[in-house]
Every structure is written in C-alpha cells, then in structure tokens.
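Novice: Dropping the structure in here first, questions after.
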Amino acid sequence: MTEQMAEQMTEPTADAMAEPMAEQMAEQMKGDGRLLDPLVRRWTAIGVAVAVAGFWMLGTLGRPWRILAVPNAATQNFFDIQANSLLHGRLNVPRGSLGVEEFITPRGSYMYFGIFPAVLRVPFRVLFHGLDGRLTLLSCLAAVVVIGVATARLTRRAQRQLGRTGGGAGPLSYRWYALIAAAPTLFSPFLYLASRSMVYHEAIAWGCAGALWGVDAAQQWWFGRRHRDVLFMALGAIVAINSRPSVGLIPVLMLVMFAGLLALRRAWRPAFVAFVVAAAAVVTYSAVNFSRFRLLWGAPARYQQSYQILPELRAAAAFTDDSLFSLRYIPTTVARYFDPLPRFMQPTRLFPFVEFVDPPTGAASTPMHFWHSGSIFTSAPVLAMLALVGVVWVVRRGGAVWRAAAAAAGLAALTTLGFWAVWHRYLVDFVPLVVILAAPGLWLVLDALGRRPRWIRLASAAVVAGLLAVALLGQVGLSLWSRL
C-alpha cells in the first residue's frame with residue numbers, strides 16, 4: 001500500500017513535481033535513506049569496476065602493473081611536493097621545484113592548484129617512501145569511483161521522482177545502472193584525463209568528483225535533514241572547491257540557493273545550516289589562497305614563471321588585468337566547446353580509427369591560447385543529448401532540488417568559459433552539468449521509447465551504441481595522440 005501511495009505521489013503532474021513538499025514526502029516514503037537498494041548497488045558496482053578498469057588500462061597503456069611506475073611527466077609530483085611542505089607545517093614549496101607552474105611571490109614559492117589532492121598524499125608520505133610522482137593515476141581512479149557512485153545515486157533519485165521504471169522493463173531497469181555508473185568516465189571527455197598522469201588532470205578529476213558528490217549529498221540533505229547528510233555535503237563541497245575551484249563552485253552555489261529558498265519559506269534553521277556549509281567550503285579555499293597570494297580568489301598571473309616565457313600569457317594577463325578571466329572570451333569558448341560538428345576528428349585505418357586535427361579557430365578579437373580540443377557534443381554525444389531532454393524537464397517540472405543543481409552547474413561553467421585558454425581537458429568541467437541534466441533525461445527517453453514499436457526501440461539502441469562507440473574511441477584516440 002505504501003509503495004502504491006508513493007507511486008501515485010510521484011506521477012509526473014505539474015503540481016506534484018513543482019511542489020517541494022510533495023517531492024520530500026515522496027522521497028521519504030520511497031526510502032531515500034537507502035537510495036541504492038541491493039540490486040542497484042550490485043549493478044552500480046559492476047559499472048564502477050568497468051570504468052576503473054578502462055581508465056586504468058588507458059592510463060598505463062595496457063600494462064596495469066605499471067600503476068606505480070616511475071613518473072614520466074615533469075608535472076606529476078607537484079602534489080607530493082606540496083604534501084611534504086604540509087608535513088613541515090608550511091604552504092610554500094622549495095624554489096624551482098614546480099618549473100613553469102611555480103608562483104614566486106615576495107613571501108616564497110607556491111603552487112596554485114587546489115590543496116585537497118596534496119592532503120590525500122600526506123598519509124602515504126608518512127607510511128611509505130619512494131612514491132613521489134607515482135600516485136597520480138591511483139588518485140584519479142579513486143575519483144572515478146566517486147563519480148560513478150554519485151552519478152548512480154543522482155540517476156536513481158531522478159528515476160524515483162519521475163516514477164519511471166525504464167519503459168515498463170521492471171527489474172531489467174536495474175541493469176541500466178552498470179552503464180549509468182560507467183558512462184561519465186568512459187563515454188565523456190573525462191576519459192581523456194587518463195592520457196597522462198599530470199597534476200592538471202588529477203585536480204580536474206577530483207573537482208568533478210567532489211562536485212557530483214556535493215550535489216548528491218545536498219539533495220540527500222534536502223529530503224532527509226539528517227545530521228550525517230550535513231557532514232557528507234560539507235565534505236563534498238570542501239573537496240570540490242579545494243581541488244578545482246571552477247567546477248568546485250557547483251555544491252557551494254547550490255547550497256546558497258537552498259539557503260535563500262529556505263529563508264523565503266521562513267525555515268530559518270535549515271537555511272542557516274545550508275549557508276554555513278557553503279561558507280565553510282569557501283573559507284577553507286580562501287584561507288589557503290590568501291596565505292599564498294594575499295587574494296581571496298584566483299592567482300596573480302605576473303607571479304607565475306610561465307609569465308616570463310610565454311608572450312601570449314603576458315598579452316592575456318594585460319587584457320584581463322592579471323586574472324586570465326574575462327567575459328569577452330565566452331563567445332569564442334562557447335563556439336569551440338559546444339560545436340555540434342566533429343571538426344577536430346577524422347577517420348583513419350589505424351587503431352583507434354580516428355586521428356585529430358586542430359580546426360581553424362577563427363579571427364579571435366581577444367588574446368587566447370588554443371590547443372587541441374573537441375566539443376561536448378562530439379566527446380559525449382549520448383550524455384549531451386540526454387542533457388538537452390533533461391533541460392526541458394528541469395525548467396518545466398524539476399522542482400527546487402534539480403533547478404538549483406542545474407543552475408549552480410551552469411553558473412560554475414561560466415568560469416571555464418571565461419578562461420583565456422581552450423584545451424580539451426577543460427571540457428571535463430562540463431561533465432557534472434551534463435550528468436545532472438542527463439539523469440532525469442534518461443528516464444524520460446526510456447519511458448518514451450517504451451511506448452514505441454519494437455523496431456524503433458532496436459534502431460534507437462543501435463544508434464546509441466554507435467554514438468557510445470564514437471565517444472569511447474574518440475577519447476582513446478585523442479589520449480593516444482596527445483602522447484606523441
């Protein structure tokens with residue numbers, strides 16, 4: 001009887017979807033405390049294992065035993081250097097240890113990357129020796145696990161809120177979670193992070209992982225109001241913003257929106273909790289950043305060693321008043337990152353049967369740096385199309401929870417779009433936005449296909465399989481090409 005009542009409450013009517021109290025009661029009746037029931041957890045674990053294996057194999061070029069191999073990139077040990085400084089009670093690092101990425105200030109030399117991946121290394125430096133530069137891939141694999149689980153939880157919550165079972169497939173719908181958990185890693189630009197074990201890729205990986213973790217935990221808290229949910233959403237927000245501030249802003253912005261909405265409803269206590277958690281995450285980042293650069297946010301480009309070497313960086317710093325961010329970059333970055341045509345990819349007879357070229361960038365009116373980069377529609381075509389479907393649902397019937405998550409992810413994306421450089425790895429910043437919107441979009445599409453003739457369903461499955469193959473081979477190809 002309880003299950004029937006819950007199903008009725010989650011019917012996709014405009015009133016039920018728009019009313020937050022209906023959302024909350026439906027989620028609680030459906031047992032949001034055990035969001036991933038045993039069958040879903042089993043298939044999620046399978047999907048996470050496949051994603052980890054794929055990322056691991058690409059990261060080691062098919063030699064998984066070399067996960068702790070001697071580093072082959074000069075930027076692989078930055079977090080180890082920072083962890084060693086933390087163990088000695090300081091933030092500054094030895095001068096000359098970070099190469100062109102070093103920021104030399106009047107108070108010492110610093111790295112500008114978020115501090116969380118360095119904190120992860122502290123126990124390893126205490127317990128083990130000789131692992132400098134060897135932990136980057138292992139750290140990224142841990143981020144893959146977090147992303148897979150968080151994606152499954154967000155998708156499961158969307159499924160319950162929509163009252164969908166995947167076109168009437170019943171228990172068969174549980175098997176979707178193997179694909180759901182693996183998709184953000186294997187069928188998106190996230191897989192490109194396995195191309196090289198570098199500090200840049202690790203920071204992005206944990207920024208995305210923390211963002212999705214924080215969004216899931218914030219939604220869980222919204223429905224449950226439990227003390228442990230406060231701890232989880234605080235950890236997610238802190239991990240995200242202290243790994244990569246751009247994408248890491250997503251949980252913080254979402255919590256600020258929650259605080260404002262709750263205050264309008266005169267729910268003062270939960271509003272205060274949401275605001276304090278968001279503020280705590282920002283304070284942890286700003287405290288570290290101020291200790292480094294005497295700035296609450298960002299880093300002064302003139303202190304960076306590459307500033308002395310790269311004329312394009314000096315031109316961009318002059319253009320943006322030393323910040324490297326400007327709204328005037330957005331037209332160019334949007335045109336590149338959201339290009340629907342595969343201009344950067346062409347077929348070849350050699351595995352993985354694609355090779356990459358840099359398309360013409362056009363006459364940019366602003367000083368920018370371009371390197372090989374695809375677009376979100378060619379790097380994650382299935383997720384991007386599901387996200388477009390999800391946009392319609394979020395706007396029309398999504399309710400406060402999904403609208404806040406989508407709006408926060410969209411606002412955070414502006415920091416990447418406003419940056420002076422265009423690189424393929426920066427596409428990964430859009431993965432949380434795409435995942436958040438694709439979660440409800442998946443069930444809407446499956447439900448629509450469930451009412452179509454069998455031949456349409458089979459044809460659709462073939463198209464999706466082809467697009468997933470293109471996404472996978474494209475990222476593998478670009479990863480291998482970038483090693484040349």
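To be explicit about the labels: the chains of the structure tokens are called A, B, and onward in the order shown, and within each one the residues are counted from 1, while ligands get numbers from 1 in the order they are shown.
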Which neighbours of Asp322 in chain A fall inside 8 Å, counting only C-alpha atoms, when residues of the same chain fewer than 6 positions from it are skipped, and could you give them as a list in words?

Specialist: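 After dropping sequence-adjacent residues, the list is Pro300, Ala301, Arg302 and Ala316 of chain A.
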
Novice: Write the residues of the preceding selection, restricted to N, CA and C atoms, as a short mmCIF file (atom, residue, chain, number, x, y, z; two decimals), in the first residue's frame.

Specialist:
```
data_model
loop_
_atom_site.label_atom_id
_atom_site.label_comp_id
_atom_site.auth_asym_id
_atom_site.auth_seq_id
_atom_site.Cartn_x
_atom_site.Cartn_y
_atom_site.Cartn_z
N PRO A 300 47.60 35.82 -9.05
CA PRO A 300 48.14 36.86 -9.94
C PRO A 300 49.06 36.26 -11.00
N ALA A 301 48.71 36.41 -12.26
CA ALA A 301 49.46 35.76 -13.34
C ALA A 301 50.91 36.25 -13.40
N ARG A 302 51.18 37.48 -12.98
CA ARG A 302 52.54 38.03 -13.11
C ARG A 302 53.56 37.31 -12.24
N ALA A 316 47.51 38.04 -22.49
CA ALA A 316 46.23 37.75 -21.85
C ALA A 316 46.15 38.40 -20.47
#
```

Novice: Please list as a PyMOL selection string every residue within 9 Å of range 222-238 of chain A, counting only C-alpha atoms and excluding residues in the same chain fewer than 5 positions away.

Specialist: chain A and resi 23-25+27-28+32-33+116+209-217+243+248-252+258+270+273-274+277-278+280-282+284-285+401

Novice: Residues within 12 Å of range 48-54 of chain A, please, as an mmCIF file with N, CA, C and O atoms, in the first residue's frame. Count only C-alpha atoms; anything in the same chain fewer than 6 positions from it doesn't count.

Specialist:
```cif
data_model
loop_
_atom_site.group_PDB
_atom_site.id
_atom_site.type_symbol
_atom_site.label_atom_id
_atom_site.label_comp_id
_atom_site.auth_asym_id
_atom_site.auth_seq_id
_atom_site.Cartn_x
_atom_site.Cartn_y
_atom_site.Cartn_z
ATOM 1 N N ARG A 41 22.785 -1.348 -6.237
ATOM 2 C CA ARG A 41 24.174 -1.291 -5.775
ATOM 3 C C ARG A 41 25.031 -2.304 -6.521
ATOM 4 O O ARG A 41 26.182 -2.015 -6.874
ATOM 5 N N ARG A 42 24.479 -3.486 -6.771
ATOM 6 C CA ARG A 42 25.245 -4.526 -7.459
ATOM 7 C C ARG A 42 25.619 -4.090 -8.868
ATOM 8 O O ARG A 42 26.784 -4.181 -9.268
ATOM 9 N N THR A 60 47.755 3.278 -18.235
ATOM 10 C CA THR A 60 49.013 2.520 -18.224
ATOM 11 C C THR A 60 49.342 1.935 -19.594
ATOM 12 O O THR A 60 50.248 1.101 -19.709
ATOM 13 N N LEU A 61 48.587 2.343 -20.619
ATOM 14 C CA LEU A 61 48.765 1.826 -21.981
ATOM 15 C C LEU A 61 48.712 0.303 -22.019
ATOM 16 O O LEU A 61 49.533 -0.358 -22.665
ATOM 17 N N GLY A 62 47.723 -0.253 -21.342
ATOM 18 C CA GLY A 62 47.519 -1.695 -21.364
ATOM 19 C C GLY A 62 48.445 -2.490 -20.468
ATOM 20 O O GLY A 62 48.461 -3.724 -20.540
ATOM 21 N N ARG A 63 49.196 -1.826 -19.598
ATOM 22 C CA ARG A 63 50.093 -2.508 -18.664
ATOM 23 C C ARG A 63 49.697 -2.149 -17.238
ATOM 24 O O ARG A 63 50.340 -1.298 -16.599
ATOM 25 N N PRO A 64 48.644 -2.755 -16.713
ATOM 26 C CA PRO A 64 48.100 -2.322 -15.420
ATOM 27 C C PRO A 64 49.069 -2.450 -14.260
ATOM 28 O O PRO A 64 48.914 -1.759 -13.248
ATOM 29 N N ILE A 67 50.946 0.775 -12.593
ATOM 30 C CA ILE A 67 50.165 1.853 -11.998
ATOM 31 C C ILE A 67 51.025 2.746 -11.101
ATOM 32 O O ILE A 67 50.762 3.936 -10.939
ATOM 33 N N LEU A 137 47.832 8.500 -10.912
ATOM 34 C CA LEU A 137 46.840 7.624 -11.531
ATOM 35 C C LEU A 137 45.968 6.959 -10.471
ATOM 36 O O LEU A 137 44.747 6.844 -10.637
ATOM 37 N N LEU A 138 46.570 6.522 -9.386
ATOM 38 C CA LEU A 138 45.802 5.906 -8.308
ATOM 39 C C LEU A 138 44.783 6.888 -7.736
ATOM 40 O O LEU A 138 43.634 6.524 -7.452
ATOM 41 N N SER A 139 45.185 8.134 -7.578
ATOM 42 C CA SER A 139 44.270 9.160 -7.081
ATOM 43 C C SER A 139 43.119 9.376 -8.051
ATOM 44 O O SER A 139 41.953 9.499 -7.639
ATOM 45 N N CYS A 140 43.419 9.420 -9.348
ATOM 46 C CA CYS A 140 42.361 9.598 -10.349
ATOM 47 C C CYS A 140 41.383 8.425 -10.345
ATOM 48 O O CYS A 140 40.181 8.614 -10.547
ATOM 49 N N LEU A 141 41.882 7.220 -10.110
ATOM 50 C CA LEU A 141 40.992 6.057 -10.051
ATOM 51 C C LEU A 141 40.031 6.163 -8.875
ATOM 52 O O LEU A 141 38.860 5.762 -8.969
ATOM 53 N N ALA A 142 40.500 6.701 -7.756
ATOM 54 C CA ALA A 142 39.598 6.923 -6.621
ATOM 55 C C ALA A 142 38.514 7.932 -6.995
ATOM 56 O O ALA A 142 37.343 7.777 -6.618
ATOM 57 N N ALA A 143 38.877 8.968 -7.759
ATOM 58 C CA ALA A 143 37.885 9.940 -8.221
ATOM 59 C C ALA A 143 36.868 9.290 -9.153
ATOM 60 O O ALA A 143 35.683 9.629 -9.128
ATOM 61 N N VAL A 144 37.315 8.339 -9.985
ATOM 62 C CA VAL A 144 36.401 7.606 -10.873
ATOM 63 C C VAL A 144 35.334 6.880 -10.059
ATOM 64 O O VAL A 144 34.147 6.871 -10.427
ATOM 65 N N VAL A 145 35.735 6.272 -8.957
ATOM 66 C CA VAL A 145 34.775 5.564 -8.095
ATOM 67 C C VAL A 145 33.733 6.534 -7.551
ATOM 68 O O VAL A 145 32.519 6.259 -7.578
ATOM 69 N N VAL A 146 34.172 7.677 -7.057
ATOM 70 C CA VAL A 146 33.251 8.670 -6.505
ATOM 71 C C VAL A 146 32.274 9.150 -7.565
ATOM 72 O O VAL A 146 31.062 9.259 -7.317
ATOM 73 N N ILE A 147 32.777 9.420 -8.757
ATOM 74 C CA ILE A 147 31.911 9.911 -9.833
ATOM 75 C C ILE A 147 30.874 8.863 -10.221
ATOM 76 O O ILE A 147 29.693 9.175 -10.419
ATOM 77 N N GLY A 148 31.282 7.588 -10.330
ATOM 78 C CA GLY A 148 30.346 6.536 -10.703
ATOM 79 C C GLY A 148 29.231 6.359 -9.691
ATOM 80 O O GLY A 148 28.050 6.254 -10.065
ATOM 81 N N VAL A 149 29.581 6.347 -8.412
ATOM 82 C CA VAL A 149 28.568 6.175 -7.367
ATOM 83 C C VAL A 149 27.641 7.384 -7.311
ATOM 84 O O VAL A 149 26.414 7.243 -7.213
ATOM 85 N N ALA A 150 28.208 8.592 -7.360
ATOM 86 C CA ALA A 150 27.381 9.796 -7.295
ATOM 87 C C ALA A 150 26.432 9.879 -8.490
ATOM 88 O O ALA A 150 25.263 10.265 -8.340
ATOM 89 N N THR A 151 26.907 9.509 -9.667
ATOM 90 C CA THR A 151 26.044 9.524 -10.855
ATOM 91 C C THR A 151 24.900 8.538 -10.715
ATOM 92 O O THR A 151 23.745 8.839 -11.058
ATOM 93 N N ALA A 152 25.196 7.342 -10.207
ATOM 94 C CA ALA A 152 24.141 6.349 -9.998
ATOM 95 C C ALA A 152 23.100 6.846 -9.005
ATOM 96 O O ALA A 152 21.892 6.666 -9.196
ATOM 97 N N TYR A 177 22.052 0.500 -14.503
ATOM 98 C CA TYR A 177 22.980 1.196 -13.612
ATOM 99 C C TYR A 177 24.435 0.801 -13.842
ATOM 100 O O TYR A 177 25.336 1.543 -13.444
ATOM 101 N N ALA A 178 24.679 -0.316 -14.471
ATOM 102 C CA ALA A 178 26.062 -0.629 -14.853
ATOM 103 C C ALA A 178 26.541 0.372 -15.898
ATOM 104 O O ALA A 178 27.659 0.913 -15.805
ATOM 105 N N LEU A 179 25.685 0.669 -16.882
ATOM 106 C CA LEU A 179 26.030 1.650 -17.911
ATOM 107 C C LEU A 179 26.029 3.061 -17.340
ATOM 108 O O LEU A 179 26.897 3.882 -17.679
ATOM 109 N N ILE A 180 25.079 3.336 -16.467
ATOM 110 C CA ILE A 180 24.979 4.677 -15.874
ATOM 111 C C ILE A 180 26.234 5.023 -15.081
ATOM 112 O O ILE A 180 26.779 6.120 -15.191
ATOM 113 N N ALA A 181 26.707 4.071 -14.268
ATOM 114 C CA ALA A 181 27.876 4.340 -13.435
ATOM 115 C C ALA A 181 29.158 4.468 -14.253
ATOM 116 O O ALA A 181 30.083 5.184 -13.867
ATOM 117 N N ALA A 182 29.222 3.777 -15.384
ATOM 118 C CA ALA A 182 30.432 3.808 -16.212
ATOM 119 C C ALA A 182 30.437 4.965 -17.203
ATOM 120 O O ALA A 182 31.516 5.419 -17.616
ATOM 121 N N ALA A 183 29.261 5.467 -17.579
ATOM 122 C CA ALA A 183 29.158 6.435 -18.668
ATOM 123 C C ALA A 183 29.949 7.722 -18.447
ATOM 124 O O ALA A 183 30.646 8.181 -19.364
ATOM 125 N N PRO A 184 29.898 8.375 -17.262
ATOM 126 C CA PRO A 184 30.636 9.636 -17.125
ATOM 127 C C PRO A 184 32.135 9.486 -17.310
ATOM 128 O O PRO A 184 32.806 10.464 -17.677
ATOM 129 N N THR A 185 32.680 8.302 -17.077
ATOM 130 C CA THR A 185 34.115 8.085 -17.246
ATOM 131 C C THR A 185 34.458 7.632 -18.653
ATOM 132 O O THR A 185 35.354 8.189 -19.303
ATOM 133 N N LEU A 186 33.762 6.628 -19.161
ATOM 134 C CA LEU A 186 34.151 6.001 -20.425
ATOM 135 C C LEU A 186 33.583 6.688 -21.658
ATOM 136 O O LEU A 186 34.156 6.564 -22.743
ATOM 137 N N PHE A 187 32.478 7.395 -21.531
ATOM 138 C CA PHE A 187 31.818 7.963 -22.700
ATOM 139 C C PHE A 187 31.697 9.482 -22.599
ATOM 140 O O PHE A 187 30.701 10.072 -23.018
ATOM 141 N N SER A 188 32.714 10.100 -22.062
ATOM 142 C CA SER A 188 32.766 11.552 -21.943
ATOM 143 C C SER A 188 34.218 11.992 -22.003
ATOM 144 O O SER A 188 35.132 11.156 -21.941
ATOM 145 N N PHE A 190 35.987 12.931 -19.782
ATOM 146 C CA PHE A 190 36.696 12.556 -18.555
ATOM 147 C C PHE A 190 37.765 11.497 -18.828
ATOM 148 O O PHE A 190 38.816 11.475 -18.190
ATOM 149 N N LEU A 191 37.506 10.608 -19.786
ATOM 150 C CA LEU A 191 38.462 9.544 -20.092
ATOM 151 C C LEU A 191 39.785 10.113 -20.581
ATOM 152 O O LEU A 191 40.843 9.488 -20.407
ATOM 153 N N TYR A 192 39.754 11.294 -21.167
ATOM 154 C CA TYR A 192 40.993 11.920 -21.646
ATOM 155 C C TYR A 192 41.976 12.179 -20.501
ATOM 156 O O TYR A 192 43.185 12.265 -20.730
ATOM 157 N N LEU A 193 41.479 12.299 -19.282
ATOM 158 C CA LEU A 193 42.360 12.541 -18.138
ATOM 159 C C LEU A 193 43.317 11.377 -17.907
ATOM 160 O O LEU A 193 44.325 11.526 -17.213
ATOM 161 N N ALA A 194 43.023 10.204 -18.489
ATOM 162 C CA ALA A 194 43.923 9.058 -18.364
ATOM 163 C C ALA A 194 45.085 9.137 -19.340
ATOM 164 O O ALA A 194 45.994 8.301 -19.285
ATOM 165 N N SER A 195 45.070 10.126 -20.233
ATOM 166 C CA SER A 195 46.104 10.197 -21.266
ATOM 167 C C SER A 195 47.483 10.401 -20.660
ATOM 168 O O SER A 195 48.470 9.850 -21.147
ATOM 169 N N LEU A 472 33.808 6.729 -27.033
ATOM 170 C CA LEU A 472 34.902 5.962 -26.434
ATOM 171 C C LEU A 472 36.148 5.997 -27.313
ATOM 172 O O LEU A 472 37.252 6.322 -26.849
ATOM 173 N N LEU A 473 35.982 5.669 -28.592
ATOM 174 C CA LEU A 473 37.132 5.648 -29.496
ATOM 175 C C LEU A 473 37.721 7.046 -29.676
ATOM 176 O O LEU A 473 38.948 7.208 -29.792
ATOM 177 N N GLN A 475 37.849 9.502 -27.433
ATOM 178 C CA GLN A 475 38.679 9.879 -26.287
ATOM 179 C C GLN A 475 39.948 9.032 -26.205
ATOM 180 O O GLN A 475 41.013 9.532 -25.831
ATOM 181 N N VAL A 476 39.836 7.751 -26.565
ATOM 182 C CA VAL A 476 41.043 6.910 -26.606
ATOM 183 C C VAL A 476 42.008 7.430 -27.661
ATOM 184 O O VAL A 476 43.219 7.553 -27.420
#
```

Novice: Counting only C-alpha atoms, which residue out of A:Gly410, A:Pro342, A:Gly477, A:Gly99 sits closest to Phe430 in chain A?

Specialist: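 Ranked by minimum distance to Phe430 in chain A, first place goes to A:Gly410.
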
Novice: Which residues are close to Leu39 in chain A, i.e. within 12 Å by only C-alpha atoms, leaving aside same-chain residues fewer than 2 positions away? Reply as a short mmCIF file (atom, residue, chain, number, x, y, z; two decimals) with C-alpha atoms, in the first residue's frame.

Specialist:
```cif
data_model
loop_
_atom_site.label_atom_id
_atom_site.label_comp_id
_atom_site.auth_asym_id
_atom_site.auth_seq_id
_atom_site.Cartn_x
_atom_site.Cartn_y
_atom_site.Cartn_z
CA ARG A 34 18.59 3.53 1.17
CA LEU A 35 18.62 5.17 -2.21
CA LEU A 36 20.65 2.40 -3.85
CA ASP A 37 18.87 -0.83 -2.96
CA ARG A 41 24.17 -1.29 -5.77
CA ARG A 42 25.25 -4.53 -7.46
CA TRP A 43 24.93 -3.16 -10.98
CA THR A 44 26.44 0.17 -9.93
CA ALA A 45 29.45 -1.68 -8.55
CA ILE A 46 29.81 -3.52 -11.86
CA ARG A 156 18.24 6.75 -9.11
CA PRO A 171 13.70 -5.48 -12.89
CA LEU A 172 15.57 -5.16 -16.19
CA SER A 173 15.91 -1.43 -15.44
CA TYR A 174 18.37 -2.23 -12.64
CA ARG A 175 20.89 -3.34 -15.25
CA TRP A 176 20.95 0.17 -16.65
CA TYR A 177 22.98 1.20 -13.61
CA ALA A 178 26.06 -0.63 -14.85
#
```

Novice: Run DSSP on the backbone and grab whatever in range 107-346 of chain A lands in helix (DSSP H, G or I); send it over as a ChimeraX atom specification.

Specialist: /A:116-127,136-162,170-186,189-194,199-224,227-241,245-264,268-293,301-303,305-308,311-319,327-337

Novice: Taking 2 positions as the minimum chain separation for residues in the same chain, which residues sit within 9 Å of range 437-449 of chain A when counting only C-alpha atoms? Answer as a count of residues only.

Specialist: 44

Novice: Residues within 6 Å of range 76-88 of chain A, please, as a PyMOL selection string. Count only C-alpha atoms; anything in the same chain fewer than 6 positions from it doesn't count.

Specialist: chain A and resi 118+122+132-133+198-199

Novice: Taking the DSSP assignment computed from this structure's backbone, write out as a PyMOL selection string all residues of range 95-332 of chain A that belong to strand (DSSP E).

Specialist: chain A and resi 103-105+108-110

Novice: Could you write out the selected residues, including N, CA, C and O atoms, as a PDB file, in the first residue's frame?

Specialist:
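What ended up in out-v8.pdb:
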```
ATOM      1  N   PHE A 103      54.677  29.820  -8.741  1.00  0.00           N
ATOM      2  CA  PHE A 103      54.384  31.223  -8.482  1.00  0.00           C
ATOM      3  C   PHE A 103      55.376  31.723  -7.441  1.00  0.00           C
ATOM      4  O   PHE A 103      55.376  31.271  -6.293  1.00  0.00           O
ATOM      5  N   ILE A 104      56.229  32.656  -7.839  1.00  0.00           N
ATOM      6  CA  ILE A 104      57.250  33.196  -6.943  1.00  0.00           C
ATOM      7  C   ILE A 104      56.765  34.552  -6.446  1.00  0.00           C
ATOM      8  O   ILE A 104      56.709  35.529  -7.195  1.00  0.00           O
ATOM      9  N   THR A 105      56.400  34.604  -5.172  1.00  0.00           N
ATOM     10  CA  THR A 105      55.884  35.820  -4.560  1.00  0.00           C
ATOM     11  C   THR A 105      56.921  36.371  -3.581  1.00  0.00           C
ATOM     12  O   THR A 105      57.914  35.690  -3.267  1.00  0.00           O
ATOM     13  N   GLY A 108      57.532  33.767  -0.855  1.00  0.00           N
ATOM     14  CA  GLY A 108      58.009  32.427  -1.148  1.00  0.00           C
ATOM     15  C   GLY A 108      57.395  31.881  -2.422  1.00  0.00           C
ATOM     16  O   GLY A 108      56.641  32.570  -3.135  1.00  0.00           O
ATOM     17  N   SER A 109      57.683  30.617  -2.714  1.00  0.00           N
ATOM     18  CA  SER A 109      57.185  29.952  -3.916  1.00  0.00           C
ATOM     19  C   SER A 109      55.968  29.097  -3.573  1.00  0.00           C
ATOM     20  O   SER A 109      55.965  28.400  -2.537  1.00  0.00           O
ATOM     21  N   TYR A 110      54.963  29.118  -4.455  1.00  0.00           N
ATOM     22  CA  TYR A 110      53.716  28.407  -4.187  1.00  0.00           C
ATOM     23  C   TYR A 110      53.201  27.759  -5.471  1.00  0.00           C
ATOM     24  O   TYR A 110      53.523  28.191  -6.577  1.00  0.00           O
TER      25      TYR A 110
END
```

Novice: Work out how far apart CA of Asn289 in chain A and CA of Asn242 in chain A are and give it in Å to one decimal.

Specialist: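 If I compute the distance from CA of Asn289 in chain A to CA of Asn242 in chain A, I get 9.8 Å.
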
Novice: Write out as an MDAnalysis selection string the residues lying within 7 Å of Tyr337 in chain A, counting only C-alpha atoms and excluding same-chain residues fewer than 6 positions away.

Specialist: chainID A and resid 374:376 427

Novice: Could you tell me how far CA of Arg328 in chain A sits from CA of Ala279 in chain A, in Å to one decimal place?

Specialist: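 Between these atoms lies a distance of 29.1 Å.
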
Novice: Could you check the closest approach to Tyr112 in chain A for each of A:Tyr426, A:Phe128, A:Trp371, A:Trp297 and tell me which residue wins, using only C-alpha atoms?

Specialist: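 Closest to Tyr112 in chain A of all the choices is A:Trp297.
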
Novice: Considering only C-alpha atoms, can you say which of A:Val463, A:Met368, A:Leu127, A:Leu327 comes closest to Arg314 in chain A?

Specialist: A:Met368

Novice: Which value, in Å to one decimal, gives the distance between CA of Arg425 in chain A and CA of Leu120 in chain A?

Specialist: 22.1 Å
